[in-house]
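Structure file protein31.tsv (TSV, N, CA and C atoms and all ligand atoms) is printed below.
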```
chain	number	residue	atom	x	y	z
A	1	MET	N	-28.32	33.53	37.33
A	1	MET	CA	-29.72	33.25	37.70
A	1	MET	C	-30.66	33.82	36.64
A	2	ILE	N	-31.56	33.03	36.20
A	2	ILE	CA	-32.44	33.45	35.12
A	2	ILE	C	-33.69	34.14	35.68
A	3	ASP	N	-34.15	35.14	34.97
A	3	ASP	CA	-35.32	35.90	35.37
A	3	ASP	C	-36.58	35.03	35.29
A	4	LYS	N	-37.36	35.06	36.35
A	4	LYS	CA	-38.56	34.21	36.37
A	4	LYS	C	-39.58	34.64	35.32
A	5	LYS	N	-39.64	35.94	35.07
A	5	LYS	CA	-40.58	36.42	34.06
A	5	LYS	C	-40.18	35.93	32.68
A	6	LEU	N	-38.89	35.91	32.45
A	6	LEU	CA	-38.39	35.40	31.17
A	6	LEU	C	-38.75	33.93	31.03
A	7	LEU	N	-38.58	33.22	32.10
A	7	LEU	CA	-38.89	31.79	32.10
A	7	LEU	C	-40.36	31.54	31.76
A	8	GLU	N	-41.22	32.42	32.24
A	8	GLU	CA	-42.66	32.24	32.00
A	8	GLU	C	-43.04	32.40	30.54
A	9	ILE	N	-42.32	33.27	29.83
A	9	ILE	CA	-42.70	33.50	28.44
A	9	ILE	C	-41.99	32.56	27.48
A	10	LEU	N	-40.98	31.87	27.98
A	10	LEU	CA	-40.24	30.97	27.10
A	10	LEU	C	-41.00	29.66	26.91
A	11	VAL	N	-41.02	29.20	25.68
A	11	VAL	CA	-41.59	27.89	25.40
A	11	VAL	C	-40.60	27.09	24.57
A	12	CYS	N	-40.82	25.82	24.54
A	12	CYS	CA	-39.98	24.95	23.74
A	12	CYS	C	-40.15	25.30	22.25
A	13	PRO	N	-39.05	25.51	21.53
A	13	PRO	CA	-39.17	25.87	20.11
A	13	PRO	C	-39.71	24.72	19.25
A	14	GLN	N	-39.65	23.53	19.79
A	14	GLN	CA	-40.11	22.38	19.00
A	14	GLN	C	-41.60	22.09	19.21
A	15	CYS	N	-42.03	21.98	20.47
A	15	CYS	CA	-43.42	21.59	20.73
A	15	CYS	C	-44.25	22.74	21.30
A	16	LYS	N	-43.61	23.90	21.55
A	16	LYS	CA	-44.28	25.08	22.11
A	16	LYS	C	-44.83	24.82	23.51
A	17	GLY	N	-44.33	23.80	24.14
A	17	GLY	CA	-44.74	23.49	25.50
A	17	GLY	C	-43.94	24.28	26.51
A	18	SER	N	-44.36	24.21	27.76
A	18	SER	CA	-43.66	24.95	28.80
A	18	SER	C	-42.36	24.24	29.18
A	19	LEU	N	-41.45	25.01	29.75
A	19	LEU	CA	-40.13	24.50	30.09
A	19	LEU	C	-39.93	24.54	31.60
A	20	GLU	N	-39.10	23.65	32.07
A	20	GLU	CA	-38.72	23.64	33.48
A	20	GLU	C	-37.28	24.11	33.61
A	21	TYR	N	-37.03	24.90	34.62
A	21	TYR	CA	-35.67	25.36	34.84
A	21	TYR	C	-34.96	24.39	35.78
A	22	ASP	N	-33.86	23.87	35.32
A	22	ASP	CA	-33.04	22.99	36.15
A	22	ASP	C	-31.89	23.80	36.73
A	23	GLN	N	-31.99	24.06	38.02
A	23	GLN	CA	-31.02	24.92	38.67
A	23	GLN	C	-29.63	24.28	38.71
A	24	LYS	N	-29.59	22.98	38.88
A	24	LYS	CA	-28.32	22.28	39.01
A	24	LYS	C	-27.48	22.38	37.75
A	25	SER	N	-28.12	22.15	36.63
A	25	SER	CA	-27.38	22.14	35.36
A	25	SER	C	-27.51	23.47	34.61
A	26	SER	N	-28.35	24.37	35.16
A	26	SER	CA	-28.58	25.65	34.47
A	26	SER	C	-29.10	25.42	33.05
A	27	GLU	N	-30.11	24.59	32.98
A	27	GLU	CA	-30.69	24.31	31.67
A	27	GLU	C	-32.20	24.44	31.76
A	28	LEU	N	-32.82	24.67	30.62
A	28	LEU	CA	-34.27	24.65	30.52
A	28	LEU	C	-34.67	23.32	29.90
A	29	ILE	N	-35.56	22.64	30.60
A	29	ILE	CA	-35.89	21.28	30.21
A	29	ILE	C	-37.27	21.22	29.58
A	30	CYS	N	-37.36	20.57	28.43
A	30	CYS	CA	-38.66	20.21	27.87
A	30	CYS	C	-38.87	18.73	28.13
A	31	GLN	N	-39.82	18.45	29.00
A	31	GLN	CA	-40.07	17.04	29.37
A	31	GLN	C	-40.67	16.25	28.21
A	32	ALA	N	-41.46	16.93	27.40
A	32	ALA	CA	-42.15	16.23	26.31
A	32	ALA	C	-41.15	15.76	25.24
A	33	ASP	N	-40.18	16.60	24.94
A	33	ASP	CA	-39.23	16.26	23.88
A	33	ASP	C	-37.93	15.67	24.41
A	34	HIS	N	-37.77	15.65	25.73
A	34	HIS	CA	-36.51	15.21	26.33
A	34	HIS	C	-35.33	16.03	25.81
A	35	LEU	N	-35.53	17.34	25.83
A	35	LEU	CA	-34.48	18.25	25.39
A	35	LEU	C	-34.11	19.19	26.52
A	36	ALA	N	-32.82	19.51	26.60
A	36	ALA	CA	-32.34	20.48	27.58
A	36	ALA	C	-31.66	21.62	26.84
A	37	PHE	N	-32.16	22.82	27.10
A	37	PHE	CA	-31.60	24.01	26.45
A	37	PHE	C	-30.65	24.71	27.42
A	38	ALA	N	-29.44	24.94	26.97
A	38	ALA	CA	-28.44	25.55	27.83
A	38	ALA	C	-28.73	27.03	28.02
A	39	ILE	N	-28.25	27.56	29.13
A	39	ILE	CA	-28.33	29.00	29.38
A	39	ILE	C	-26.90	29.52	29.43
A	40	ARG	N	-26.58	30.38	28.49
A	40	ARG	CA	-25.22	30.91	28.40
A	40	ARG	C	-25.25	32.40	28.67
A	41	ASP	N	-24.49	32.83	29.67
A	41	ASP	CA	-24.45	34.25	30.05
A	41	ASP	C	-25.86	34.79	30.30
A	42	ASP	N	-26.65	33.99	31.02
A	42	ASP	CA	-28.02	34.35	31.39
A	42	ASP	C	-28.98	34.41	30.21
A	43	ILE	N	-28.55	33.95	29.06
A	43	ILE	CA	-29.42	33.95	27.89
A	43	ILE	C	-29.68	32.51	27.47
A	44	PRO	N	-30.94	32.09	27.52
A	44	PRO	CA	-31.26	30.72	27.11
A	44	PRO	C	-31.04	30.54	25.61
A	45	VAL	N	-30.40	29.46	25.27
A	45	VAL	CA	-30.16	29.15	23.86
A	45	VAL	C	-31.31	28.28	23.38
A	46	MET	N	-32.28	28.94	22.74
A	46	MET	CA	-33.51	28.23	22.37
A	46	MET	C	-33.43	27.69	20.95
A	47	LEU	N	-32.46	26.85	20.74
A	47	LEU	CA	-32.27	26.24	19.43
A	47	LEU	C	-32.31	24.73	19.58
A	48	VAL	N	-33.19	24.11	18.82
A	48	VAL	CA	-33.31	22.65	18.91
A	48	VAL	C	-31.98	21.99	18.53
A	49	ASP	N	-31.32	22.56	17.54
A	49	ASP	CA	-30.05	21.98	17.09
A	49	ASP	C	-28.97	22.02	18.17
A	50	ASP	N	-29.05	23.00	19.06
A	50	ASP	CA	-28.05	23.13	20.12
A	50	ASP	C	-28.48	22.46	21.42
A	51	ALA	N	-29.70	21.99	21.46
A	51	ALA	CA	-30.21	21.41	22.69
A	51	ALA	C	-29.57	20.05	22.95
A	52	ARG	N	-29.51	19.72	24.25
A	52	ARG	CA	-28.95	18.43	24.64
A	52	ARG	C	-30.10	17.43	24.77
A	53	GLN	N	-29.87	16.25	24.24
A	53	GLN	CA	-30.86	15.19	24.36
A	53	GLN	C	-30.79	14.58	25.76
A	54	ILE	N	-31.93	14.50	26.40
A	54	ILE	CA	-31.97	13.85	27.71
A	54	ILE	C	-32.42	12.41	27.49
A	55	PRO	N	-31.66	11.47	28.00
A	55	PRO	CA	-32.08	10.07	27.83
A	55	PRO	C	-33.44	9.83	28.50
A	56	ALA	N	-34.32	9.19	27.80
A	56	ALA	CA	-35.64	8.87	28.36
A	56	ALA	C	-35.48	7.85	29.47
A	57	GLU	N	-36.27	8.03	30.52
A	57	GLU	CA	-36.14	7.13	31.67
A	57	GLU	C	-36.91	5.85	31.46
B	101	ZN	ZN	-40.71	20.51	23.57
```
Kindly present the structure from the file in structure tokens form.
Amino acid sequence: MIDKKLLEILVCPQCKGSLEYDQKSSELICQADHLAFAIRDDIPVMLVDDARQIPAE
């Protein structure tokens, strides 16, 4: 489970926008860039290169 305070200070490394926490997949989502950042061992991996592309709806 990720700390809510940590979540508040985290921004997308690409657009500096806010992120949404997806509890189901344990990822941080940037809606603007359609990127999902994985959380490994409670540490968000805030690297665009490692982010998963979310297919646009
Ligand atoms: Zn972004």
Exercise. Excluding same-chain residues fewer than 3 positions from stretch 29-44 of chain A, what lies within 7 Å of it counting only C-alpha atoms, as a ChimeraX atom specification?
Worked result: /A:1-2,12,18-22,26,51-56
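Ranking A:Lys16, A:Lys24, A:Leu10, A:Lys5 by their shortest atom-to-atom distance to ligand ZN 101 (chain B), with all atoms listed in the file included, puts A:Lys16 first.
Each of A:Val48, A:Cys15, A:Leu6, A:Leu28 was checked against ligand ZN 101 (chain B) using only C-alpha atoms and all ligand atoms; the smallest atom-to-atom distance is that of A:Cys15.
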For this session: Select from chain A everything DSSP, run on the backbone, classes as alpha helix (DSSP H), then give the selection as a list in words.
Result: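 Selecting the alpha helix (DSSP H) positions of chain A gives Lys4, Lys5, Leu6, Leu7, Glu8 and Ile9 of chain A.
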